[in-house]
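*Asks:* Please find one structure pasted underneath; my questions will follow.
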Amino acid sequence: MDQHYLTPLFAPRSIVVFAGQTGEPETLSPHARALLAALKAQRYQGSLQFVDTQTSGTLADLAQVKADLAMIALPPAEIAPAMELAARMACRTVMVLSSGIGAEQAAELHRLARREGLYLLGPNCLGFQRPVLGLNAGAIGALADAGPLALVSQSGSLTASMLDWAEKNAVGFSSVVSVGPHTSVGLAETLDFLASDPHTKSILVYMEGISDARRFMSALRSAASAKPVLVLKSGRRPEGNEAAQTHSSAIVGSDDVFDAALRRAGAVRVKSFVELFSAAKCLASRYRPVGKRLAIVTNGGGPGVLAADWVNEIDLQLGRLSPEAAAALRPQLPELASLADLIDLSEDAGPEHYEAAIQAANHDHTIDGLLVIYSPKVGGDALAVAQAVARCKATIAKPLLSCWMGDASVGEARVALNDASIPSFRTPEAGVGAFGNLSQFYQNQLLLQQTPPPLTTLAKPDIEGARLVIESVLAERRKVLTEMESKTLLSAFHIPVTETILARSAHEAMMIATQMGFPVALKIDSPDISHKSDVQGVALNIMSGTAVRDAYNDMMERVSHLQPKARINGVTVQQMARARRGREIYIGVVTDDPFGPVIAFGAGGTMIELINDRAMELPPLNQYLARRLIDRSRVAETLGEWRGASAVDREVLEQVLLRVSEMVCELPQLREMDINPIIIDEHGAVAVDARIVIDSAPQAIGGRANAYGHLPILPYPARFEQIWPMRGGGEYTVRPIHTADAQMLQELVHNLSPESRYFRFVSSMTELPPAMLAKFTLIDYDREMALVAVYKERHADEQGEITERERVIGVSRYITNPDQTTCEFSLVVADDFGGKGLGSRLMESIMDVARERGLSEIQGLVLANNDSMLRLMRSLGFTVKSYPDDPDFKLVTHAL
């Protein structure tokens, strides 16, 4: 409804600059001199004033100056007074250009900014550029050309290098933002602005760490849902992580976890500076997400084979012409051309042959993108071929990438390709890798769209029983659960476990084993021993009662000798799992800083460390995410029919992962968990052993106090489900929306009267477009909420049999404004359910959710002629007033 709260920072109409005595350059800091030079060299059309507090008049005079943005490039001791003066000038945003300010002084500046109501970029940043405004507000180099890319970087030197590269490669930017350590407006806030910036079509991010995983994930998911986002992160190895922590003072988590977080956010990670440049070329050409099938058009077999090898290496698919397309193209090519796998035009290929092949691949639905390779040949014309490819660009709907190999003879051709905005690479592998980034974005968008619904099809877990076990263990000042306690927790969430009974004597163990049936396994039970095999505390495949007795006594003696101080409860007895051809699987949970709990999956058994098969995913999971997690592991290849064994029950395995996800979401005390092994076969799964580590509930991510404050992605908030009586009889359920509601939501909109549709959408559309329907149902519960009223209608078929069908009869929704303190609402109720109290109930319910979220005000725009909605707003205590930007609307607000 309103402009973004960072608009005064990144698109200011007026700027005031505090840089010292501008008339005496020799007295200025290096940052101040760089800032002044950059500002004065540009064509910025807004109001620009330079203030020297020593010579520009009294404080009262200075306070009369009004500006959107204050730029401060002063010594550290003078920054705070300048910020206070900026607040008196009615500035809403401040940029502090500086370096070397420590965490303590930075925290003081943050507190000052909050007290004065200022949004602060810095300290320790090198500023930003907005080329479309002619604004170079910093010390990161000459103003870049305008273009569709945005660059956000936590490294000033890398930002400068990127701008230098972009100038030579004709890449332009909508925004360039350098955010350093200790800045208040950081990565998340900048991404939030760029997500809604009309000048930005794609976003590049260089980062070293984050401090608020929930805020970062929410902003990244929002940005990636609107436009492609590519991320280069340093610290891929432990040594790099340590350096990054020292350099950026940010919390850096496990690299594997960061990969999982980016996948879930719908962004793509590149692994090197070179890859980031390659990705920038593709994004600057405005290519959009595609599939995985890349066709190779080449005039040389060797380069084509290299490209095809790299296609397989990075999990793409080689795009092949369909038989029909190949038959139509064949007569247009040289005699030696081959269309079997590669589109190999042969050494005799000229511009017309390239053009024909490109057009054929473009019209073939079995191909998602094209990489055109040219190798210099005697008598060949590299420039003419490049010009032919450039002519194709206007008619090509698919990504078109090029690789002109060599150097001396292809320089002009590369310039022609650059001028046509066709990404050009020097090696086939680089071109394939760039296409891989586009393809990965497409795949990750599917993960972004997964909003796990409630596990309504699964039995309700005994959450309270699980919490009692945890509380009793913590009361004993223990953190590691025994095997019995661990399996009790798993059973509370209906994860199948082997029957396990504690024996406190050799005779008791023998009787238990005899009743269970042989073979059995014995395991030491001690709260002080985490890994039983390390102290020879495991005995397997025991076949008789006598052997059980002897194994018990030997085990107690060995463990007492190896761990004399360990408290030993006894020995657990469990029947050996009977699945002769079952596969051993591992499911675990690790806790990452800053992303919180992460679910791991892979091959299990005693050699788990050597196999090192571990795929990761952030909770909460749904069935699609669980399936993808399994597929990313190496052990997935053995889960089908394998060496004479039947395929395992994948659905049961997916349900176990969903149960583990439930545990992670509902038990914030859970820190680590190893379920190893889980034996899975065609009949089901059973957890043979488990180790769980707990601790007191962690501080909520980002300081948020709620039931799921330990998670960076909120699960389905089932606690907001309520059943209400309907005026006139019957009842309905108010609950949060989820993805399965898409069709019912579409039916609600389709069945509205034209007037009701216009009042809600200010449009005459009869149904929601697919993109809007996805946006309305695939929501981020951290920044928005939608509540649906669901009514069960009864229908009689031709035989008179009564059936029930759910119907969405109303929706209330809020979206948090970027200021994170207010929200904007919307409301719609089915016409045939008007006057039954649904509108009031839905509004009161959505206001309760916003209040719990900590928001201070709810607001909305209502058409001035929508009398029924305005009456409802007044009855609920909303203030109704004119909307100055459009007289056709009324602004309604209510304090929460």
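Chain labels follow the order of the structure tokens: the first chain is A, the next B, and so on; residue numbering restarts at 1 in every chain, and ligands are counted from 1 in their shown order.
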Leaving out Gln387 in chain A and any residue of its chain fewer than 3 positions from it, which residues lie within 10 Å of it when counting only C-alpha atoms, given as an MDAnalysis selection string?
*Replies:* chainID A and resid 351 355 382:384 390:393 413:414 416:417 420
*Asks:* Once you have the residues from the selection above, write them out as an mmCIF file, in the first residue's frame, restricted to N, CA, C and O atoms.
*Replies:*
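After the write, part_16.cif holds the following:
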```
data_model
loop_
_atom_site.group_PDB
_atom_site.id
_atom_site.type_symbol
_atom_site.label_atom_id
_atom_site.label_comp_id
_atom_site.auth_asym_id
_atom_site.auth_seq_id
_atom_site.Cartn_x
_atom_site.Cartn_y
_atom_site.Cartn_z
ATOM 1 N N PRO A 351 27.603 -20.007 -41.487
ATOM 2 C CA PRO A 351 26.578 -19.273 -40.740
ATOM 3 C C PRO A 351 25.169 -19.813 -40.966
ATOM 4 O O PRO A 351 24.370 -19.905 -40.022
ATOM 5 N N GLU A 355 22.455 -21.214 -38.149
ATOM 6 C CA GLU A 355 21.143 -20.580 -38.023
ATOM 7 C C GLU A 355 20.028 -21.622 -38.137
ATOM 8 O O GLU A 355 19.070 -21.612 -37.362
ATOM 9 N N ALA A 382 34.613 -16.727 -38.143
ATOM 10 C CA ALA A 382 34.064 -16.705 -36.787
ATOM 11 C C ALA A 382 33.079 -15.558 -36.615
ATOM 12 O O ALA A 382 32.033 -15.705 -35.961
ATOM 13 N N LEU A 383 33.375 -14.400 -37.198
ATOM 14 C CA LEU A 383 32.496 -13.236 -37.049
ATOM 15 C C LEU A 383 31.167 -13.459 -37.767
ATOM 16 O O LEU A 383 30.101 -13.150 -37.217
ATOM 17 N N ALA A 384 31.191 -14.027 -38.951
ATOM 18 C CA ALA A 384 29.949 -14.256 -39.697
ATOM 19 C C ALA A 384 29.038 -15.235 -38.958
ATOM 20 O O ALA A 384 27.815 -15.053 -38.910
ATOM 21 N N ALA A 390 23.603 -14.075 -33.573
ATOM 22 C CA ALA A 390 22.995 -12.847 -33.035
ATOM 23 C C ALA A 390 21.652 -12.564 -33.702
ATOM 24 O O ALA A 390 20.713 -12.090 -33.054
ATOM 25 N N ARG A 391 21.551 -12.862 -35.022
ATOM 26 C CA ARG A 391 20.268 -12.641 -35.704
ATOM 27 C C ARG A 391 19.179 -13.560 -35.144
ATOM 28 O O ARG A 391 18.000 -13.208 -35.139
ATOM 29 N N CYS A 392 19.574 -14.721 -34.676
ATOM 30 C CA CYS A 392 18.599 -15.671 -34.124
ATOM 31 C C CYS A 392 18.067 -15.213 -32.767
ATOM 32 O O CYS A 392 16.981 -15.635 -32.352
ATOM 33 N N LYS A 393 18.830 -14.376 -32.088
ATOM 34 C CA LYS A 393 18.511 -14.033 -30.699
ATOM 35 C C LYS A 393 17.093 -13.505 -30.541
ATOM 36 O O LYS A 393 16.374 -13.859 -29.606
ATOM 37 N N ALA A 413 34.244 -11.647 -32.979
ATOM 38 C CA ALA A 413 33.020 -12.449 -32.828
ATOM 39 C C ALA A 413 32.478 -12.337 -31.413
ATOM 40 O O ALA A 413 31.257 -12.200 -31.212
ATOM 41 N N ARG A 414 33.345 -12.373 -30.425
ATOM 42 C CA ARG A 414 32.889 -12.252 -29.028
ATOM 43 C C ARG A 414 32.268 -10.882 -28.778
ATOM 44 O O ARG A 414 31.282 -10.761 -28.053
ATOM 45 N N ALA A 416 30.661 -9.124 -30.986
ATOM 46 C CA ALA A 416 29.338 -9.164 -31.622
ATOM 47 C C ALA A 416 28.335 -9.908 -30.749
ATOM 48 O O ALA A 416 27.175 -9.502 -30.635
ATOM 49 N N LEU A 417 28.765 -10.979 -30.136
ATOM 50 C CA LEU A 417 27.871 -11.735 -29.253
ATOM 51 C C LEU A 417 27.524 -10.917 -28.014
ATOM 52 O O LEU A 417 26.371 -10.897 -27.564
ATOM 53 N N ALA A 420 24.995 -8.355 -28.730
ATOM 54 C CA ALA A 420 23.653 -8.925 -28.903
ATOM 55 C C ALA A 420 23.097 -9.483 -27.603
ATOM 56 O O ALA A 420 22.034 -10.111 -27.597
#
```
*Asks:* If you run DSSP on the backbone, which residues of range 593-677 of chain A are helix (DSSP H, G or I), as number ranges by chain?
*Replies:* A: 608-611, 623-631, 634-638, 650-666
*Asks:* Have a look at A:Val389, A:Asp381, A:Ala539, A:Ala430 and name the one nearest to Gln359 in chain A; count only C-alpha atoms.
*Replies:*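 Answer, going by the shortest atom-to-atom distance: A:Val389.
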*Asks:* From the list A:Pro331, A:Gly837, A:Gly433, A:Pro323, which residue is nearest Leu345 in chain A when using only C-alpha atoms?
*Replies:*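 Residue with the minimum atom-to-atom distance to Leu345 in chain A: A:Pro331.
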*Asks:* If you count only C-alpha atoms, which residues fall within 9 Å of range 261-277 of chain A, apart from same-chain ones fewer than 3 positions away, as number ranges by chain?
*Replies:* A: 162, 165-166, 204, 217-218, 220-225, 228-234, 236, 256-258, 280-282, 430, 433-434, 437-438, 440-450, 595, 617-618
*Asks:* Go ahead and save the residues from that selection, with C-alpha atoms, as a PDB file, in the first residue's frame.
*Replies:*
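Output file part-v4.pdb follows:
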```pdb
ATOM      1  CA  MET A 162      32.642  -6.883  -9.866  1.00  0.00           C
ATOM      2  CA  TRP A 165      34.494  -6.572 -14.641  1.00  0.00           C
ATOM      3  CA  ALA A 166      30.967  -5.384 -15.497  1.00  0.00           C
ATOM      4  CA  LEU A 204      23.458 -11.411  -7.136  1.00  0.00           C
ATOM      5  CA  MET A 217      15.324 -16.894   5.048  1.00  0.00           C
ATOM      6  CA  SER A 218      12.063 -14.958   4.981  1.00  0.00           C
ATOM      7  CA  LEU A 220      15.441 -14.533   0.597  1.00  0.00           C
ATOM      8  CA  ARG A 221      12.317 -16.647   0.003  1.00  0.00           C
ATOM      9  CA  SER A 222      10.355 -13.492  -0.780  1.00  0.00           C
ATOM     10  CA  ALA A 223      12.983 -12.228  -3.226  1.00  0.00           C
ATOM     11  CA  ALA A 224      13.507 -15.609  -4.907  1.00  0.00           C
ATOM     12  CA  SER A 225       9.776 -16.048  -5.423  1.00  0.00           C
ATOM     13  CA  PRO A 228      16.211 -15.096  -9.775  1.00  0.00           C
ATOM     14  CA  VAL A 229      18.673 -14.876  -6.872  1.00  0.00           C
ATOM     15  CA  LEU A 230      22.227 -16.273  -7.061  1.00  0.00           C
ATOM     16  CA  VAL A 231      24.475 -16.434  -4.010  1.00  0.00           C
ATOM     17  CA  LEU A 232      28.243 -16.730  -3.659  1.00  0.00           C
ATOM     18  CA  LYS A 233      29.220 -17.511  -0.071  1.00  0.00           C
ATOM     19  CA  SER A 234      32.738 -17.729   1.282  1.00  0.00           C
ATOM     20  CA  ARG A 236      33.096 -23.424   2.201  1.00  0.00           C
ATOM     21  CA  ASP A 256      26.162 -28.335   3.855  1.00  0.00           C
ATOM     22  CA  VAL A 257      23.433 -26.689   5.907  1.00  0.00           C
ATOM     23  CA  PHE A 258      23.833 -23.438   4.014  1.00  0.00           C
ATOM     24  CA  ALA A 280      25.747 -12.514 -14.139  1.00  0.00           C
ATOM     25  CA  LYS A 281      26.096 -12.801 -17.919  1.00  0.00           C
ATOM     26  CA  CYS A 282      23.046 -15.069 -18.109  1.00  0.00           C
ATOM     27  CA  ALA A 430      31.885 -22.643 -18.362  1.00  0.00           C
ATOM     28  CA  GLY A 433      27.921 -24.498 -15.884  1.00  0.00           C
ATOM     29  CA  ALA A 434      26.132 -21.209 -16.532  1.00  0.00           C
ATOM     30  CA  ASN A 437      22.803 -22.336 -12.654  1.00  0.00           C
ATOM     31  CA  LEU A 438      19.635 -21.426 -14.550  1.00  0.00           C
ATOM     32  CA  GLN A 440      19.165 -25.216 -10.632  1.00  0.00           C
ATOM     33  CA  PHE A 441      17.088 -22.099 -10.075  1.00  0.00           C
ATOM     34  CA  TYR A 442      14.157 -23.840 -11.757  1.00  0.00           C
ATOM     35  CA  GLN A 443      14.600 -26.912  -9.520  1.00  0.00           C
ATOM     36  CA  ASN A 444      14.918 -24.853  -6.345  1.00  0.00           C
ATOM     37  CA  GLN A 445      11.754 -22.937  -7.168  1.00  0.00           C
ATOM     38  CA  LEU A 446       9.894 -26.227  -6.678  1.00  0.00           C
ATOM     39  CA  LEU A 447      11.379 -26.471  -3.170  1.00  0.00           C
ATOM     40  CA  LEU A 448      10.453 -22.853  -2.429  1.00  0.00           C
ATOM     41  CA  GLN A 449       6.834 -23.646  -3.228  1.00  0.00           C
ATOM     42  CA  GLN A 450       6.643 -26.380  -0.582  1.00  0.00           C
ATOM     43  CA  PHE A 595      19.959 -22.056  10.983  1.00  0.00           C
ATOM     44  CA  GLU A 617      17.050 -30.538   4.482  1.00  0.00           C
ATOM     45  CA  LEU A 618      15.633 -27.843   6.733  1.00  0.00           C
TER      46      LEU A 618
END
```
*Asks:* So that I can see what lies close to Arg871 in chain A, please list as a ChimeraX atom specification the residues with an atom at most 12 Å from it, counting only C-alpha atoms and leaving out residues fewer than 6 positions away in the same chain.
*Replies:* /A:839-840,862,864-865,877-880,892
*Asks:* Any chance you can output those residues with N, CA, C and O atoms as a PDB file, in the first residue's frame?
*Replies:*
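Below is the file again-v2.pdb, written as the result:
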```
ATOM      1  N   GLY A 839     -17.566 -12.427   8.288  1.00  0.00           N
ATOM      2  CA  GLY A 839     -16.625 -11.339   8.104  1.00  0.00           C
ATOM      3  C   GLY A 839     -16.045 -10.868   9.424  1.00  0.00           C
ATOM      4  O   GLY A 839     -14.827 -10.670   9.551  1.00  0.00           O
ATOM      5  N   SER A 840     -16.902 -10.694  10.437  1.00  0.00           N
ATOM      6  CA  SER A 840     -16.426 -10.259  11.752  1.00  0.00           C
ATOM      7  C   SER A 840     -15.485 -11.286  12.359  1.00  0.00           C
ATOM      8  O   SER A 840     -14.412 -10.942  12.883  1.00  0.00           O
ATOM      9  N   VAL A 862     -10.118   0.290   1.314  1.00  0.00           N
ATOM     10  CA  VAL A 862     -11.462  -0.171   0.966  1.00  0.00           C
ATOM     11  C   VAL A 862     -12.043   0.820  -0.044  1.00  0.00           C
ATOM     12  O   VAL A 862     -11.936   2.044   0.135  1.00  0.00           O
ATOM     13  N   ALA A 864     -14.354   3.304  -1.748  1.00  0.00           N
ATOM     14  CA  ALA A 864     -15.246   4.248  -1.067  1.00  0.00           C
ATOM     15  C   ALA A 864     -16.716   3.876  -1.221  1.00  0.00           C
ATOM     16  O   ALA A 864     -17.545   4.239  -0.374  1.00  0.00           O
ATOM     17  N   ASN A 865     -17.074   3.135  -2.290  1.00  0.00           N
ATOM     18  CA  ASN A 865     -18.478   2.748  -2.486  1.00  0.00           C
ATOM     19  C   ASN A 865     -18.786   1.353  -1.964  1.00  0.00           C
ATOM     20  O   ASN A 865     -19.874   0.823  -2.212  1.00  0.00           O
ATOM     21  N   GLY A 877     -14.325  -1.289  15.193  1.00  0.00           N
ATOM     22  CA  GLY A 877     -13.510  -0.265  15.841  1.00  0.00           C
ATOM     23  C   GLY A 877     -12.427   0.333  14.978  1.00  0.00           C
ATOM     24  O   GLY A 877     -11.536   1.033  15.478  1.00  0.00           O
ATOM     25  N   PHE A 878     -12.454   0.075  13.664  1.00  0.00           N
ATOM     26  CA  PHE A 878     -11.468   0.668  12.761  1.00  0.00           C
ATOM     27  C   PHE A 878     -11.738   2.157  12.582  1.00  0.00           C
ATOM     28  O   PHE A 878     -12.898   2.601  12.604  1.00  0.00           O
ATOM     29  N   THR A 879     -10.677   2.908  12.413  1.00  0.00           N
ATOM     30  CA  THR A 879     -10.784   4.308  12.030  1.00  0.00           C
ATOM     31  C   THR A 879     -10.844   4.393  10.511  1.00  0.00           C
ATOM     32  O   THR A 879     -10.020   3.791   9.819  1.00  0.00           O
ATOM     33  N   VAL A 880     -11.829   5.123   9.985  1.00  0.00           N
ATOM     34  CA  VAL A 880     -12.011   5.254   8.542  1.00  0.00           C
ATOM     35  C   VAL A 880     -11.736   6.698   8.150  1.00  0.00           C
ATOM     36  O   VAL A 880     -12.331   7.624   8.714  1.00  0.00           O
ATOM     37  N   VAL A 892      -8.498   2.414   6.205  1.00  0.00           N
ATOM     38  CA  VAL A 892      -9.048   1.956   7.484  1.00  0.00           C
ATOM     39  C   VAL A 892      -7.901   1.403   8.320  1.00  0.00           C
ATOM     40  O   VAL A 892      -7.054   0.647   7.825  1.00  0.00           O
TER      41      VAL A 892
END
```
*Asks:* Could you list, as number ranges by chain, every residue within 10 Å of range 481-496 of chain A, counting only C-alpha atoms and ignoring same-chain residues fewer than 2 positions away?
*Replies:* A: 458-470, 473-474, 478-479, 498-502, 523-530, 532, 569, 572, 652, 655-660, 662-663, 673-675, 678, 684-694
*Asks:* What's the 8 Å shell around Asp831 in chain A, counting only C-alpha atoms, without same-chain residues fewer than 3 positions away, as a list in words?
*Replies:*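 Selected residues are Leu752, Ser753, Ser756 and Gly834 of chain A.
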*Asks:* Determine, counting only C-alpha atoms, which protein, DNA and RNA residues have an atom within 8 Å of an atom of range 843-847 of chain A; residues of the same chain fewer than 3 positions away are not included. Present the result as number ranges by chain.
*Replies:* A: 785-787, 812-814, 827, 839-840, 850-851, 858, 896
*Asks:* Next, write the just-selected residues to a file, as an mmCIF file, in the first residue's frame, keeping all heavy atoms as the atom set.
*Replies:*
```cif
data_model
loop_
_atom_site.group_PDB
_atom_site.id
_atom_site.type_symbol
_atom_site.label_atom_id
_atom_site.label_comp_id
_atom_site.auth_asym_id
_atom_site.auth_seq_id
_atom_site.Cartn_x
_atom_site.Cartn_y
_atom_site.Cartn_z
ATOM 1 N N MET A 785 -0.148 -14.119 6.829
ATOM 2 C CA MET A 785 -1.070 -15.156 7.280
ATOM 3 C C MET A 785 -2.354 -15.027 6.489
ATOM 4 O O MET A 785 -2.802 -13.917 6.173
ATOM 5 C CB MET A 785 -1.354 -15.036 8.781
ATOM 6 C CG MET A 785 -2.312 -16.097 9.310
ATOM 7 S SD MET A 785 -1.714 -17.792 9.076
ATOM 8 C CE MET A 785 -0.353 -17.815 10.242
ATOM 9 N N ALA A 786 -2.927 -16.166 6.145
ATOM 10 C CA ALA A 786 -4.248 -16.199 5.519
ATOM 11 C C ALA A 786 -5.070 -17.240 6.259
ATOM 12 O O ALA A 786 -4.627 -18.374 6.443
ATOM 13 C CB ALA A 786 -4.145 -16.542 4.041
ATOM 14 N N LEU A 787 -6.234 -16.842 6.723
ATOM 15 C CA LEU A 787 -7.156 -17.753 7.404
ATOM 16 C C LEU A 787 -8.344 -18.015 6.484
ATOM 17 O O LEU A 787 -8.906 -17.079 5.907
ATOM 18 C CB LEU A 787 -7.650 -17.150 8.720
ATOM 19 C CG LEU A 787 -6.573 -16.841 9.772
ATOM 20 C CD1 LEU A 787 -7.213 -16.190 10.991
ATOM 21 C CD2 LEU A 787 -5.831 -18.114 10.173
ATOM 22 N N SER A 812 -9.570 -14.296 5.199
ATOM 23 C CA SER A 812 -8.969 -13.052 5.688
ATOM 24 C C SER A 812 -7.458 -13.224 5.630
ATOM 25 O O SER A 812 -6.943 -14.324 5.834
ATOM 26 C CB SER A 812 -9.419 -12.728 7.119
ATOM 27 O OG SER A 812 -9.025 -13.745 8.019
ATOM 28 N N ARG A 813 -6.767 -12.145 5.370
ATOM 29 C CA ARG A 813 -5.329 -12.240 5.113
ATOM 30 C C ARG A 813 -4.639 -10.963 5.583
ATOM 31 O O ARG A 813 -5.208 -9.877 5.511
ATOM 32 C CB ARG A 813 -5.112 -12.428 3.608
ATOM 33 C CG ARG A 813 -3.687 -12.501 3.133
ATOM 34 C CD ARG A 813 -3.637 -12.550 1.602
ATOM 35 N NE ARG A 813 -4.439 -13.628 1.054
ATOM 36 C CZ ARG A 813 -3.997 -14.858 0.830
ATOM 37 N NH1 ARG A 813 -2.739 -15.150 1.091
ATOM 38 N NH2 ARG A 813 -4.782 -15.790 0.334
ATOM 39 N N TYR A 814 -3.421 -11.118 6.101
ATOM 40 C CA TYR A 814 -2.588 -9.936 6.284
ATOM 41 C C TYR A 814 -1.197 -10.216 5.746
ATOM 42 O O TYR A 814 -0.737 -11.355 5.731
ATOM 43 C CB TYR A 814 -2.524 -9.478 7.749
ATOM 44 C CG TYR A 814 -1.583 -10.246 8.642
ATOM 45 C CD1 TYR A 814 -0.188 -10.114 8.536
ATOM 46 C CD2 TYR A 814 -2.065 -11.109 9.630
ATOM 47 C CE1 TYR A 814 0.673 -10.815 9.352
ATOM 48 C CE2 TYR A 814 -1.210 -11.821 10.448
ATOM 49 C CZ TYR A 814 0.162 -11.675 10.308
ATOM 50 O OH TYR A 814 1.011 -12.374 11.116
ATOM 51 N N LEU A 827 -10.022 -9.061 2.888
ATOM 52 C CA LEU A 827 -11.124 -9.912 3.366
ATOM 53 C C LEU A 827 -12.096 -10.154 2.230
ATOM 54 O O LEU A 827 -12.413 -9.239 1.457
ATOM 55 C CB LEU A 827 -11.852 -9.225 4.536
ATOM 56 C CG LEU A 827 -13.134 -9.905 5.050
ATOM 57 C CD1 LEU A 827 -12.795 -11.222 5.746
ATOM 58 C CD2 LEU A 827 -13.885 -8.966 5.991
ATOM 59 N N GLY A 839 -17.566 -12.427 8.288
ATOM 60 C CA GLY A 839 -16.625 -11.339 8.104
ATOM 61 C C GLY A 839 -16.045 -10.868 9.424
ATOM 62 O O GLY A 839 -14.827 -10.670 9.551
ATOM 63 N N SER A 840 -16.902 -10.694 10.437
ATOM 64 C CA SER A 840 -16.426 -10.259 11.752
ATOM 65 C C SER A 840 -15.485 -11.286 12.359
ATOM 66 O O SER A 840 -14.412 -10.942 12.883
ATOM 67 C CB SER A 840 -17.608 -10.030 12.692
ATOM 68 O OG SER A 840 -18.455 -9.016 12.210
ATOM 69 N N ALA A 850 -2.117 -11.382 14.087
ATOM 70 C CA ALA A 850 -1.204 -10.251 13.923
ATOM 71 C C ALA A 850 -0.736 -9.725 15.279
ATOM 72 O O ALA A 850 0.424 -9.348 15.452
ATOM 73 C CB ALA A 850 -1.890 -9.140 13.131
ATOM 74 N N ARG A 851 -1.647 -9.733 16.243
ATOM 75 C CA ARG A 851 -1.300 -9.271 17.597
ATOM 76 C C ARG A 851 -0.263 -10.198 18.219
ATOM 77 O O ARG A 851 0.718 -9.749 18.833
ATOM 78 C CB ARG A 851 -2.575 -9.211 18.438
ATOM 79 C CG ARG A 851 -2.471 -8.397 19.716
ATOM 80 C CD ARG A 851 -3.830 -8.280 20.385
ATOM 81 N NE ARG A 851 -4.721 -7.387 19.657
ATOM 82 C CZ ARG A 851 -5.852 -7.764 19.059
ATOM 83 N NH1 ARG A 851 -6.226 -9.036 19.091
ATOM 84 N NH2 ARG A 851 -6.606 -6.890 18.429
ATOM 85 N N ILE A 858 -3.013 -2.730 12.132
ATOM 86 C CA ILE A 858 -3.489 -3.379 10.922
ATOM 87 C C ILE A 858 -4.221 -2.330 10.100
ATOM 88 O O ILE A 858 -4.950 -1.484 10.650
ATOM 89 C CB ILE A 858 -4.402 -4.584 11.249
ATOM 90 C CG1 ILE A 858 -4.741 -5.373 9.977
ATOM 91 C CG2 ILE A 858 -5.660 -4.163 11.999
ATOM 92 C CD1 ILE A 858 -5.363 -6.745 10.269
ATOM 93 N N LEU A 896 -3.368 -2.507 17.265
ATOM 94 C CA LEU A 896 -3.414 -3.861 17.816
ATOM 95 C C LEU A 896 -2.865 -3.893 19.237
ATOM 96 O O LEU A 896 -3.009 -4.872 19.931
ATOM 97 C CB LEU A 896 -2.610 -4.815 16.922
ATOM 98 C CG LEU A 896 -3.136 -4.984 15.485
ATOM 99 C CD1 LEU A 896 -2.140 -5.753 14.634
ATOM 100 C CD2 LEU A 896 -4.481 -5.689 15.519
#
```
*Asks:* Among range 763-877 of chain A, which ones does DSSP assign to strand (DSSP E or B) (computed from the backbone)? Answer as number ranges by chain.
*Replies:* A: 784-796, 802-816, 822-829, 857-863
*Asks:* My list of candidates is A:Leu562, A:Ile630, A:Ala103, A:Leu321. Which is closest to Ile585 in chain A when distances are computed with only C-alpha atoms?
*Replies:*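 Under the stated criterion, the closest residue is A:Ile630.
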*Asks:* Compare A:Ile680, A:Ile314, A:Ala260, A:Met543 by their minimum atom-to-atom distance to Pro619 in chain A, counting only C-alpha atoms, and give me the closest one.
*Replies:*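 Closest candidate: A:Ala260.
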*Asks:* For Arg293 in chain A, which residue among A:Glu804, A:Asp348, A:Asp368, A:Glu335 is the nearest when counting only C-alpha atoms?
*Replies:*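 Using only C-alpha atoms, the shortest distance to Arg293 in chain A belongs to A:Asp368.
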*Asks:* Point out the residue among A:Val185, A:Leu35, A:Val790, A:Ala645 with the least atom-to-atom distance to Ile723 in chain A, counting only C-alpha atoms.
*Replies:*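 So, comparing all the options, the nearest one is A:Val790.
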